[in-house]
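Reproduced below: work-v4.pdb, with PDB, C-alpha atoms.
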ATOM      1  CA  MET A   1      -0.075 -20.248  11.872
ATOM      2  CA  ASN A   2      -0.864 -21.994   8.538
ATOM      3  CA  ASP A   3       2.867 -22.138   7.775
ATOM      4  CA  PHE A   4       3.323 -18.401   7.276
ATOM      5  CA  VAL A   5       6.975 -17.425   6.821
ATOM      6  CA  PRO A   6       8.294 -14.482   8.868
ATOM      7  CA  PHE A   7       9.299 -11.529   6.684
ATOM      8  CA  ALA A   8      12.091  -9.446   8.223
ATOM      9  CA  PRO A   9      13.651  -6.070   7.338
ATOM     10  CA  THR A  10      16.540  -7.887   5.655
ATOM     11  CA  ASP A  11      13.976  -9.588   3.413
ATOM     12  CA  ALA A  12      12.319  -6.247   2.686
ATOM     13  CA  ALA A  13      15.654  -4.786   1.592
ATOM     14  CA  ALA A  14      15.728  -7.125  -1.409
ATOM     15  CA  TRP A  15      12.337  -5.781  -2.566
ATOM     16  CA  THR A  16      13.097  -2.081  -2.118
ATOM     17  CA  THR A  17      14.220  -0.561  -5.421
ATOM     18  CA  ALA A  18      16.777   2.250  -5.521
ATOM     19  CA  PRO A  19      17.356   4.535  -8.524
ATOM     20  CA  HIS A  20      20.597   4.320 -10.500
ATOM     21  CA  GLY A  21      22.469   6.395 -13.049
ATOM     22  CA  ASP A  22      20.112   5.514 -15.922
ATOM     23  CA  SER A  23      16.953   6.127 -13.916
ATOM     24  CA  THR A  24      14.294   8.572 -15.080
ATOM     25  CA  LYS A  25      11.124   9.602 -13.307
ATOM     26  CA  TYR A  26       9.311   7.043 -15.448
ATOM     27  CA  ARG A  27      11.713   4.187 -14.730
ATOM     28  CA  ARG A  28      11.452   5.062 -11.046
ATOM     29  CA  GLY A  29       7.749   4.270 -11.373
ATOM     30  CA  VAL A  30       4.568   6.232 -12.005
ATOM     31  CA  LEU A  31       1.713   5.599  -9.585
ATOM     32  CA  GLY A  32      -1.880   6.414 -10.433
ATOM     33  CA  VAL A  33      -3.951   7.293  -7.372
ATOM     34  CA  ALA A  34      -7.749   7.351  -7.269
ATOM     35  CA  THR A  35      -8.529   7.926  -3.602
ATOM     36  CA  GLY A  36     -10.280  10.361  -1.308
ATOM     37  CA  SER A  37     -13.704  11.962  -1.494
ATOM     38  CA  ASP A  38     -15.349  15.253  -0.680
ATOM     39  CA  GLN A  39     -16.110  13.799   2.740
ATOM     40  CA  TYR A  40     -12.642  12.337   3.316
ATOM     41  CA  PRO A  41     -10.070  14.351   1.346
ATOM     42  CA  GLY A  42      -7.393  13.629   3.953
ATOM     43  CA  ALA A  43      -7.187   9.996   2.856
ATOM     44  CA  ALA A  44      -5.989  11.156  -0.553
ATOM     45  CA  VAL A  45      -3.460  13.544   0.968
ATOM     46  CA  MET A  46      -1.942  10.909   3.243
ATOM     47  CA  GLY A  47      -1.727   8.208   0.580
ATOM     48  CA  VAL A  48      -0.138  10.512  -1.981
ATOM     49  CA  ASP A  49       2.236  12.011   0.576
ATOM     50  CA  ALA A  50       3.311   8.534   1.692
ATOM     51  CA  ALA A  51       3.917   7.431  -1.894
ATOM     52  CA  VAL A  52       6.091  10.471  -2.616
ATOM     53  CA  HIS A  53       8.080   9.945   0.589
ATOM     54  CA  THR A  54       8.621   6.254  -0.270
ATOM     55  CA  GLY A  55      10.415   7.229  -3.465
ATOM     56  CA  VAL A  56       8.152   6.784  -6.489
ATOM     57  CA  GLY A  57       9.153   8.761  -9.587
ATOM     58  CA  MET A  58       5.779  10.390 -10.224
ATOM     59  CA  VAL A  59       2.246  10.367  -8.852
ATOM     60  CA  ARG A  60      -0.786  11.002 -11.061
ATOM     61  CA  TYR A  61      -3.785  11.893  -8.894
ATOM     62  CA  VAL A  62      -7.385  11.404 -10.009
ATOM     63  CA  GLY A  63     -10.147  12.459  -7.641
ATOM     64  CA  PRO A  64     -12.836  14.982  -6.740
ATOM     65  CA  SER A  65     -11.958  18.659  -6.811
ATOM     66  CA  ARG A  66     -11.894  19.147  -3.035
ATOM     67  CA  ALA A  67      -9.480  16.247  -2.508
ATOM     68  CA  SER A  68      -7.427  17.282  -5.536
ATOM     69  CA  ASP A  69      -7.025  20.798  -4.182
ATOM     70  CA  HIS A  70      -5.759  19.436  -0.856
ATOM     71  CA  VAL A  71      -3.382  16.994  -2.566
ATOM     72  CA  LEU A  72      -1.834  19.646  -4.806
ATOM     73  CA  ALA A  73      -1.525  22.108  -1.931
ATOM     74  CA  ARG A  74       0.404  19.508   0.041
ATOM     75  CA  ARG A  75       2.383  18.022  -2.861
ATOM     76  CA  PRO A  76       2.676  20.411  -5.822
ATOM     77  CA  GLU A  77       4.883  17.938  -7.693
ATOM     78  CA  VAL A  78       1.886  15.633  -8.187
ATOM     79  CA  VAL A  79       0.355  15.546 -11.678
ATOM     80  CA  SER A  80      -3.414  15.902 -11.796
ATOM     81  CA  GLY A  81      -5.237  13.569 -14.186
ATOM     82  CA  ALA A  82      -4.929  10.050 -15.568
ATOM     83  CA  GLY A  83      -2.118   8.910 -17.849
ATOM     84  CA  GLN A  84       0.294   6.032 -18.306
ATOM     85  CA  VAL A  85       1.224   4.440 -14.986
ATOM     86  CA  GLN A  86       3.003   1.342 -13.678
ATOM     87  CA  ALA A  87       0.526   0.736 -10.835
ATOM     88  CA  TRP A  88      -2.679   2.097  -9.292
ATOM     89  CA  LEU A  89      -3.749   2.804  -5.718
ATOM     90  CA  VAL A  90      -7.518   3.052  -5.317
ATOM     91  CA  GLY A  91     -10.187   3.316  -2.671
ATOM     92  CA  SER A  92      -8.782   5.004   0.442
ATOM     93  CA  GLY A  93     -11.402   7.398   1.819
ATOM     94  CA  ILE A  94     -14.146   5.885  -0.332
ATOM     95  CA  SER A  95     -16.927   3.821   1.200
ATOM     96  CA  ALA A  96     -18.179   0.571  -0.253
ATOM     97  CA  ASP A  97     -21.597   2.274  -0.127
ATOM     98  CA  SER A  98     -20.380   4.535  -2.942
ATOM     99  CA  VAL A  99     -21.288   2.012  -5.655
ATOM    100  CA  GLY A 100     -23.012   3.979  -8.401
ATOM    101  CA  ALA A 101     -22.422   7.278  -6.570
ATOM    102  CA  LEU A 102     -18.764   8.032  -7.340
ATOM    103  CA  ASP A 103     -17.950  11.420  -8.767
ATOM    104  CA  PRO A 104     -17.148  11.152 -12.505
ATOM    105  CA  THR A 105     -13.431  11.818 -12.074
ATOM    106  CA  THR A 106     -12.992   9.083  -9.462
ATOM    107  CA  ALA A 107     -15.137   6.679 -11.480
ATOM    108  CA  ALA A 108     -12.880   7.291 -14.482
ATOM    109  CA  GLY A 109      -9.849   6.548 -12.321
ATOM    110  CA  PHE A 110     -11.377   3.285 -11.158
ATOM    111  CA  ALA A 111     -12.096   2.354 -14.785
ATOM    112  CA  HIS A 112      -8.452   2.950 -15.679
ATOM    113  CA  ALA A 113      -7.348   0.852 -12.713
ATOM    114  CA  SER A 114      -9.575  -1.994 -13.897
ATOM    115  CA  ASP A 115      -8.529  -1.774 -17.560
ATOM    116  CA  ASP A 116      -4.866  -0.715 -17.632
ATOM    117  CA  GLY A 117      -3.467  -4.193 -17.023
ATOM    118  CA  VAL A 118      -1.078  -3.015 -14.286
ATOM    119  CA  PRO A 119      -0.985  -3.961 -10.592
ATOM    120  CA  VAL A 120      -3.659  -2.339  -8.434
ATOM    121  CA  VAL A 121      -3.524  -1.755  -4.674
ATOM    122  CA  VAL A 122      -7.123  -1.863  -3.486
ATOM    123  CA  ASP A 123      -8.242  -0.402  -0.178
ATOM    124  CA  ALA A 124     -11.177  -2.317   1.282
ATOM    125  CA  GLY A 125     -13.747   0.351   0.378
ATOM    126  CA  ALA A 126     -13.008  -0.145  -3.315
ATOM    127  CA  ILE A 127     -13.210  -3.950  -3.414
ATOM    128  CA  PRO A 128     -16.724  -3.914  -4.971
ATOM    129  CA  LEU A 129     -15.813  -1.065  -7.321
ATOM    130  CA  VAL A 130     -12.884  -2.436  -9.362
ATOM    131  CA  ASP A 131     -12.119  -5.629 -11.228
ATOM    132  CA  LEU A 132     -10.095  -7.934  -9.024
ATOM    133  CA  GLY A 133      -7.669 -10.592 -10.155
ATOM    134  CA  PRO A 134      -4.073 -11.781  -9.794
ATOM    135  CA  LEU A 135      -2.659  -8.243 -10.270
ATOM    136  CA  ALA A 136      -4.701  -6.807  -7.396
ATOM    137  CA  VAL A 137      -3.504  -6.487  -3.804
ATOM    138  CA  LEU A 138      -6.294  -6.068  -1.266
ATOM    139  CA  THR A 139      -5.423  -4.346   2.028
ATOM    140  CA  PRO A 140      -8.289  -4.888   4.507
ATOM    141  CA  HIS A 141      -8.244  -4.938   8.299
ATOM    142  CA  ALA A 142     -10.130  -7.674  10.150
ATOM    143  CA  GLY A 143     -13.479  -5.884  10.152
ATOM    144  CA  GLU A 144     -13.323  -5.157   6.439
ATOM    145  CA  LEU A 145     -12.270  -8.702   5.597
ATOM    146  CA  ALA A 146     -15.123 -10.041   7.703
ATOM    147  CA  ALA A 147     -17.540  -8.224   5.395
ATOM    148  CA  VAL A 148     -15.836  -9.659   2.311
ATOM    149  CA  LEU A 149     -16.003 -13.223   3.658
ATOM    150  CA  ASP A 150     -19.376 -12.750   5.374
ATOM    151  CA  VAL A 151     -18.075 -13.988   8.720
ATOM    152  CA  SER A 152     -17.605 -12.406  12.135
ATOM    153  CA  ARG A 153     -14.678 -10.142  12.906
ATOM    154  CA  GLU A 154     -13.883 -12.402  15.848
ATOM    155  CA  SER A 155     -13.343 -15.364  13.543
ATOM    156  CA  ILE A 156     -10.878 -13.331  11.471
ATOM    157  CA  GLU A 157      -8.976 -12.260  14.576
ATOM    158  CA  GLN A 158      -8.841 -15.820  15.931
ATOM    159  CA  ASP A 159      -7.003 -17.109  12.852
ATOM    160  CA  PRO A 160      -5.883 -14.243  10.597
ATOM    161  CA  GLY A 161      -3.621 -16.439   8.518
ATOM    162  CA  ALA A 162      -6.442 -18.778   7.548
ATOM    163  CA  ALA A 163      -8.664 -15.789   6.802
ATOM    164  CA  ALA A 164      -6.048 -14.220   4.519
ATOM    165  CA  LEU A 165      -5.642 -17.502   2.644
ATOM    166  CA  ARG A 166      -9.387 -17.923   2.242
ATOM    167  CA  ALA A 167      -9.850 -14.360   1.024
ATOM    168  CA  ALA A 168      -7.007 -14.658  -1.478
ATOM    169  CA  ALA A 169      -8.469 -17.859  -2.899
ATOM    170  CA  GLN A 170     -11.998 -16.418  -2.992
ATOM    171  CA  THR A 171     -11.057 -13.139  -4.685
ATOM    172  CA  GLY A 172      -8.243 -14.419  -6.866
ATOM    173  CA  SER A 173      -6.082 -11.566  -5.568
ATOM    174  CA  VAL A 174      -3.159 -11.105  -3.226
ATOM    175  CA  VAL A 175      -4.420 -10.250   0.261
ATOM    176  CA  LEU A 176      -2.604  -8.184   2.878
ATOM    177  CA  LEU A 177      -4.537  -8.550   6.127
ATOM    178  CA  LYS A 178      -3.564  -5.713   8.442
ATOM    179  CA  GLY A 179      -3.034  -6.320  12.151
ATOM    180  CA  SER A 180      -0.393  -6.467  14.856
ATOM    181  CA  ASP A 181       0.995  -9.231  12.652
ATOM    182  CA  THR A 182       0.321  -8.532   8.980
ATOM    183  CA  HIS A 183      -0.474 -11.647   6.947
ATOM    184  CA  VAL A 184       0.054 -11.742   3.177
ATOM    185  CA  ALA A 185      -1.120 -14.563   0.896
ATOM    186  CA  THR A 186      -1.304 -15.257  -2.834
ATOM    187  CA  PRO A 187      -4.448 -16.735  -4.442
ATOM    188  CA  ASP A 188      -2.830 -20.146  -4.837
ATOM    189  CA  GLY A 189      -1.500 -20.100  -1.267
ATOM    190  CA  ALA A 190       2.051 -20.677  -2.476
ATOM    191  CA  VAL A 191       3.336 -17.489  -0.841
ATOM    192  CA  ARG A 192       2.442 -16.983   2.827
ATOM    193  CA  LEU A 193       4.276 -14.203   4.633
ATOM    194  CA  VAL A 194       3.863 -12.556   8.013
ATOM    195  CA  ALA A 195       5.420  -9.228   8.987
ATOM    196  CA  SER A 196       5.649  -8.292  12.652
ATOM    197  CA  SER A 197       7.384  -4.900  12.579
ATOM    198  CA  ALA A 198       4.463  -2.740  13.743
ATOM    199  CA  THR A 199       3.935  -0.912  17.013
ATOM    200  CA  PRO A 200       0.474  -0.960  18.666
ATOM    201  CA  TRP A 201       0.492   2.846  18.352
ATOM    202  CA  LEU A 202      -0.111   2.343  14.605
ATOM    203  CA  ALA A 203      -3.719   1.439  15.392
ATOM    204  CA  ALA A 204      -4.913   4.943  14.495
ATOM    205  CA  ALA A 205      -6.971   6.724  11.862
ATOM    206  CA  GLY A 206      -5.031   7.252   8.645
ATOM    207  CA  ALA A 207      -2.468   4.492   9.144
ATOM    208  CA  GLY A 208      -4.078   2.356   6.445
ATOM    209  CA  ASP A 209      -4.058   5.278   4.003
ATOM    210  CA  VAL A 210      -0.322   5.660   4.581
ATOM    211  CA  LEU A 211       0.258   1.926   4.102
ATOM    212  CA  GLY A 212      -1.577   2.061   0.784
ATOM    213  CA  GLY A 213       0.682   4.862  -0.416
ATOM    214  CA  VAL A 214       3.808   2.983   0.632
ATOM    215  CA  LEU A 215       2.686  -0.190  -1.129
ATOM    216  CA  GLY A 216       1.590   1.640  -4.268
ATOM    217  CA  ALA A 217       4.974   3.336  -4.483
ATOM    218  CA  LEU A 218       6.918   0.107  -3.963
ATOM    219  CA  VAL A 219       4.905  -1.677  -6.647
ATOM    220  CA  ALA A 220       5.172   1.164  -9.180
ATOM    221  CA  THR A 221       8.893   1.533  -8.536
ATOM    222  CA  ARG A 222       9.543  -2.183  -8.956
ATOM    223  CA  GLN A 223       7.471  -2.353 -12.132
ATOM    224  CA  GLY A 224       9.109   0.778 -13.550
ATOM    225  CA  ALA A 225      12.565  -0.692 -13.033
ATOM    226  CA  ALA A 226      11.503  -3.999 -14.613
ATOM    227  CA  GLU A 227       9.882  -2.606 -17.759
ATOM    228  CA  PRO A 228      13.049  -1.967 -19.823
ATOM    229  CA  SER A 229      13.704  -5.719 -19.708
ATOM    230  CA  GLY A 230      10.109  -6.535 -20.602
ATOM    231  CA  ALA A 231       9.454  -8.161 -17.236
ATOM    232  CA  SER A 232       6.177  -7.764 -15.370
ATOM    233  CA  LEU A 233       5.156  -8.440 -11.805
ATOM    234  CA  GLY A 234       3.122 -11.469 -10.808
ATOM    235  CA  PRO A 235       1.204 -12.431  -7.649
ATOM    236  CA  ALA A 236       4.302 -13.769  -5.873
ATOM    237  CA  ASP A 237       6.148 -10.501  -6.538
ATOM    238  CA  LEU A 238       3.178  -8.480  -5.330
ATOM    239  CA  ALA A 239       2.960 -10.538  -2.153
ATOM    240  CA  HIS A 240       6.616  -9.858  -1.331
ATOM    241  CA  LEU A 241       6.138  -6.157  -2.075
ATOM    242  CA  ALA A 242       3.068  -6.127   0.178
ATOM    243  CA  ALA A 243       5.075  -7.652   3.012
ATOM    244  CA  THR A 244       7.834  -5.120   2.318
ATOM    245  CA  ALA A 245       5.311  -2.290   2.624
ATOM    246  CA  ALA A 246       4.174  -3.678   5.972
ATOM    247  CA  VAL A 247       7.792  -3.737   7.183
ATOM    248  CA  VAL A 248       8.540  -0.196   5.972
ATOM    249  CA  HIS A 249       5.292   1.074   7.490
ATOM    250  CA  GLY A 250       5.909  -0.723  10.766
ATOM    251  CA  ILE A 251       9.490   0.468  11.206
ATOM    252  CA  ALA A 252       8.518   4.030  10.309
ATOM    253  CA  GLY A 253       5.808   3.775  12.966
ATOM    254  CA  ARG A 254       8.300   2.641  15.593
ATOM    255  CA  ARG A 255      10.651   5.483  14.724
ATOM    256  CA  ALA A 256       7.833   8.040  14.815
ATOM    257  CA  SER A 257       6.473   6.605  18.065
ATOM    258  CA  ARG A 258       9.591   6.491  20.231
ATOM    259  CA  GLY A 259       7.383   4.592  22.654
ATOM    260  CA  GLY A 260       4.345   6.883  22.472
ATOM    261  CA  PRO A 261       1.640   8.236  20.176
ATOM    262  CA  PHE A 262       2.370  10.076  16.939
ATOM    263  CA  THR A 263       0.631  11.723  14.013
ATOM    264  CA  MET A 264       0.367  10.336  10.490
ATOM    265  CA  THR A 265       2.457  13.278   9.312
ATOM    266  CA  ALA A 266       5.236  12.155  11.659
ATOM    267  CA  LEU A 267       4.887   8.600  10.339
ATOM    268  CA  ILE A 268       5.211   9.772   6.735
ATOM    269  CA  GLU A 269       8.273  11.869   7.562
ATOM    270  CA  GLU A 270      10.074   8.730   8.766
ATOM    271  CA  LEU A 271       9.535   6.828   5.496
ATOM    272  CA  PRO A 272      12.539   8.198   3.539
ATOM    273  CA  GLY A 273      14.938   7.218   6.301
ATOM    274  CA  VAL A 274      13.572   3.684   6.451
ATOM    275  CA  VAL A 275      13.829   3.293   2.680
ATOM    276  CA  ARG A 276      17.367   4.710   2.726
ATOM    277  CA  ASP A 277      18.442   2.238   5.386
ATOM    278  CA  LEU A 278      16.966  -0.678   3.449
ATOM    279  CA  VAL A 279      18.666   0.177   0.159
ATOM    280  CA  VAL A 280      21.986   1.314   1.670
ATOM    281  CA  GLU A 281      22.412  -0.837   4.760
ATOM    282  CA  GLY A 282      20.215  -3.799   3.819
ATOM    283  CA  ASP A 283      18.367  -3.435   7.115
ATOM    284  CA  ALA A 284      16.423  -0.746   8.958
ATOM    285  CA  ARG A 285      15.899  -1.851  12.510
ATOM    286  CA  GLY A 286      18.673   0.316  13.933
ATOM    287  CA  PRO A 287      18.614   1.698  17.459
ATOM    288  CA  ALA A 288      15.233   3.459  17.287
ATOM    289  CA  PRO A 289      13.137   2.944  20.441
ATOM    290  CA  VAL A 290      10.496   0.224  20.253
ATOM    291  CA  GLY A 291       6.904   1.317  21.022
TER     292      GLY A 291
END
Any chance you could put this one into structure tokens?
Amino acid sequence: MNDFVPFAPTDAAAWTTAPHGDSTKYRRGVLGVATGSDQYPGAAVMGVDAAVHTGVGMVRYVGPSRASDHVLARRPEVVSGAGQVQAWLVGSGISADSVGALDPTTAAGFAHASDDGVPVVVDAGAIPLVDLGPLAVLTPHAGELAAVLDVSRESIEQDPGAAALRAAAQTGSVVLLKGSDTHVATPDGAVRLVASSATPWLAAAGAGDVLGGVLGALVATRQGAAEPSGASLGPADLAHLAATAAVVHGIAGRRASRGGPFTMTALIEELPGVVRDLVVEGDARGPAPVG
């Protein structure tokens, strides 16, 4: 197990930020999103929708026109175009084969994500396309991490904790390795967390896009709340927020499942209730059926 520490809903509650009387949409966090493509516009829709449902103050979407049209049709409160943000989410619905072939709008979004000096949640497809470092959180599954480490998927699945640690050290970034147990590690290996809230029914297309939106929102919200004091997030903070996202995502999946299959739309609709329970009750397991 490489000494990974279990991360429970009660732990996630401490990393879920609620608004207060002095909150503004900016202090609640602004998330920049550069995701989706003409081929996969749904990835952008799901990530943005998940971020909004998780409670971020504002989403700025940057992407190709087809994806942008779908995003704005689904979430008219989203602002189209780059601007000041507290965090970025990049890469969902974009293949690693897109190097040098991104549409200009998405490429500009990736450039902002690399240069803005704020935390960046990086879906596996974008790993070669943005500058990595201690403010990046990579969110691969076993197959995607195998490509990063140039090893077999089987070796990742045999010891996911060791793989997450190796990837974090190699990339210099926080790594969230998705799976039935989600392993999170910092580059120095000082923070090693494992979240086990998921249902097997979450193994479905689009679940990773939703997770990215949840994590992006949690990071932007935490950073937005910290900025008035001059504080900024570091790798250890990002690792705890990544584990929190896995818990929120997993519990929402269990509630949507009720023991059976569910759509990503149903998963997203459960997110506000999970967040509410974490910030109000300090827990979110409740009586929902386990799938």
Could you tell me which of A:Ala217, A:Leu102, A:Ala51, A:Ile156 comes closest to Gly29 in chain A if we count all atoms listed in the file?
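Answer, going by the shortest atom-to-atom distance: A:Ala217.
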Output check: residues returned by the PyMOL selection byres ((chain A and resi 254) around 10), as JSON, numbers by chain
{"A": [197, 198, 199, 200, 201, 202, 249, 250, 251, 252, 253, 255, 256, 257, 258, 259, 260, 261, 262, 267, 270, 285, 288, 289, 290, 291]}
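Proximity of A:Ala12, A:Pro134, A:Ala266, A:Asp69 to Gly206 in chain A, computed with all atoms listed in the file, is greatest for A:Ala266.
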Show me the residues close to (-9.9, -15.8, 11.6) - anything with an atom within 12 Å, counting all atoms listed in the file - and format the list as a PyMOL selection string.
chain A and resi 1-2+141-143+145-146+149-167+177+179+183
Target residues per the PyMOL selection byres ((chain A and resi 15-21) around 7), formatted as a list of chain:residue names:
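Evaluating the PyMOL selection byres ((chain A and resi 15-21) around 7) on this file yields A:Ala12, A:Ala13, A:Ala14, A:Asp22, A:Ser23, A:Arg28, A:Leu218, A:Thr221, A:Arg222, A:Leu241, A:Thr244, A:Leu278, A:Val279.
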In Å to one decimal, how far is CA of Pro128 in chain A from CA of Ala111 in chain A?
12.5 Å
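When the PyMOL selection byres ((chain A and resi 168) around 10) is evaluated against the file, it yields A:Gly133, A:Pro134, A:Val137, A:Leu138, A:Ala162, A:Ala163, A:Ala164, A:Leu165, A:Arg166, A:Ala167, A:Ala169, A:Gln170, A:Thr171, A:Gly172, A:Ser173, A:Val174, A:Val175, A:Leu176, A:Val184, A:Ala185, A:Thr186, A:Pro187, A:Asp188, A:Gly189.
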Taking only C-alpha atoms into account, which of A:Asp116, A:Asp283, A:Asp49, A:Asp131 comes nearest Ala82 in chain A?
A:Asp116
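Of the listed residues (A:Val130, A:Ala73, A:Ala147, A:Val56), A:Ala73 comes nearest to Pro41 in chain A; the distances count all atoms listed in the file.
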Among listed residues A:Ala136, A:Ser95, A:Arg75, A:Ala113, nearest Ala236 in chain A (using all atoms listed in the file):
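Closest to Ala236 in chain A of all the choices is A:Ala136.
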If I take CA of Asp11 in chain A and CA of Asp123 in chain A, how far is one from the other in Å, to one decimal?
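For CA of Asp11 in chain A relative to CA of Asp123 in chain A, the distance reads 24.3 Å.
Closest to Gly47 in chain A among A:Val5, A:Met264, A:Val247, A:Leu129 is A:Met264, based on all atoms listed in the file.
Coordinates place CA of Thr139 in chain A at a distance of 19.9 Å from CA of Val62 in chain A.
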Missing atoms in range 181-193 of chain A: can you complete it with N, CA and C atoms, as an mmCIF file, in the coordinates of the input?
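Below is the file out-v7.cif, written as the result:
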data_model
loop_
_atom_site.group_PDB
_atom_site.id
_atom_site.type_symbol
_atom_site.label_atom_id
_atom_site.label_comp_id
_atom_site.auth_asym_id
_atom_site.auth_seq_id
_atom_site.Cartn_x
_atom_site.Cartn_y
_atom_site.Cartn_z
ATOM 1 N N ASP A 181 0.224 -8.445 13.608
ATOM 2 C CA ASP A 181 0.995 -9.231 12.652
ATOM 3 C C ASP A 181 0.268 -9.130 11.319
ATOM 4 N N THR A 182 0.947 -8.698 10.289
ATOM 5 C CA THR A 182 0.321 -8.532 8.980
ATOM 6 C C THR A 182 0.550 -9.782 8.143
ATOM 7 N N HIS A 183 -0.546 -10.407 7.715
ATOM 8 C CA HIS A 183 -0.474 -11.647 6.947
ATOM 9 C C HIS A 183 -0.704 -11.349 5.468
ATOM 10 N N VAL A 184 0.139 -11.933 4.623
ATOM 11 C CA VAL A 184 0.054 -11.742 3.177
ATOM 12 C C VAL A 184 -0.011 -13.116 2.513
ATOM 13 N N ALA A 185 -0.963 -13.272 1.569
ATOM 14 C CA ALA A 185 -1.120 -14.563 0.896
ATOM 15 C C ALA A 185 -1.453 -14.353 -0.572
ATOM 16 N N THR A 186 -0.962 -15.247 -1.415
ATOM 17 C CA THR A 186 -1.304 -15.257 -2.834
ATOM 18 C C THR A 186 -2.543 -16.128 -3.054
ATOM 19 N N PRO A 187 -3.226 -15.961 -4.198
ATOM 20 C CA PRO A 187 -4.448 -16.735 -4.442
ATOM 21 C C PRO A 187 -4.244 -18.244 -4.394
ATOM 22 N N ASP A 188 -3.080 -18.700 -4.850
ATOM 23 C CA ASP A 188 -2.830 -20.146 -4.837
ATOM 24 C C ASP A 188 -2.266 -20.632 -3.513
ATOM 25 N N GLY A 189 -2.025 -19.716 -2.576
ATOM 26 C CA GLY A 189 -1.500 -20.100 -1.267
ATOM 27 C C GLY A 189 -0.030 -20.450 -1.265
ATOM 28 N N ALA A 190 0.642 -20.291 -2.409
ATOM 29 C CA ALA A 190 2.051 -20.677 -2.476
ATOM 30 C C ALA A 190 2.950 -19.735 -1.696
ATOM 31 N N VAL A 191 2.561 -18.467 -1.603
ATOM 32 C CA VAL A 191 3.336 -17.489 -0.841
ATOM 33 C C VAL A 191 2.516 -17.086 0.376
ATOM 34 N N ARG A 192 3.097 -17.303 1.554
ATOM 35 C CA ARG A 192 2.442 -16.983 2.827
ATOM 36 C C ARG A 192 3.470 -16.294 3.708
ATOM 37 N N LEU A 193 3.294 -14.998 3.903
ATOM 38 C CA LEU A 193 4.276 -14.203 4.633
ATOM 39 C C LEU A 193 3.609 -13.495 5.801
#
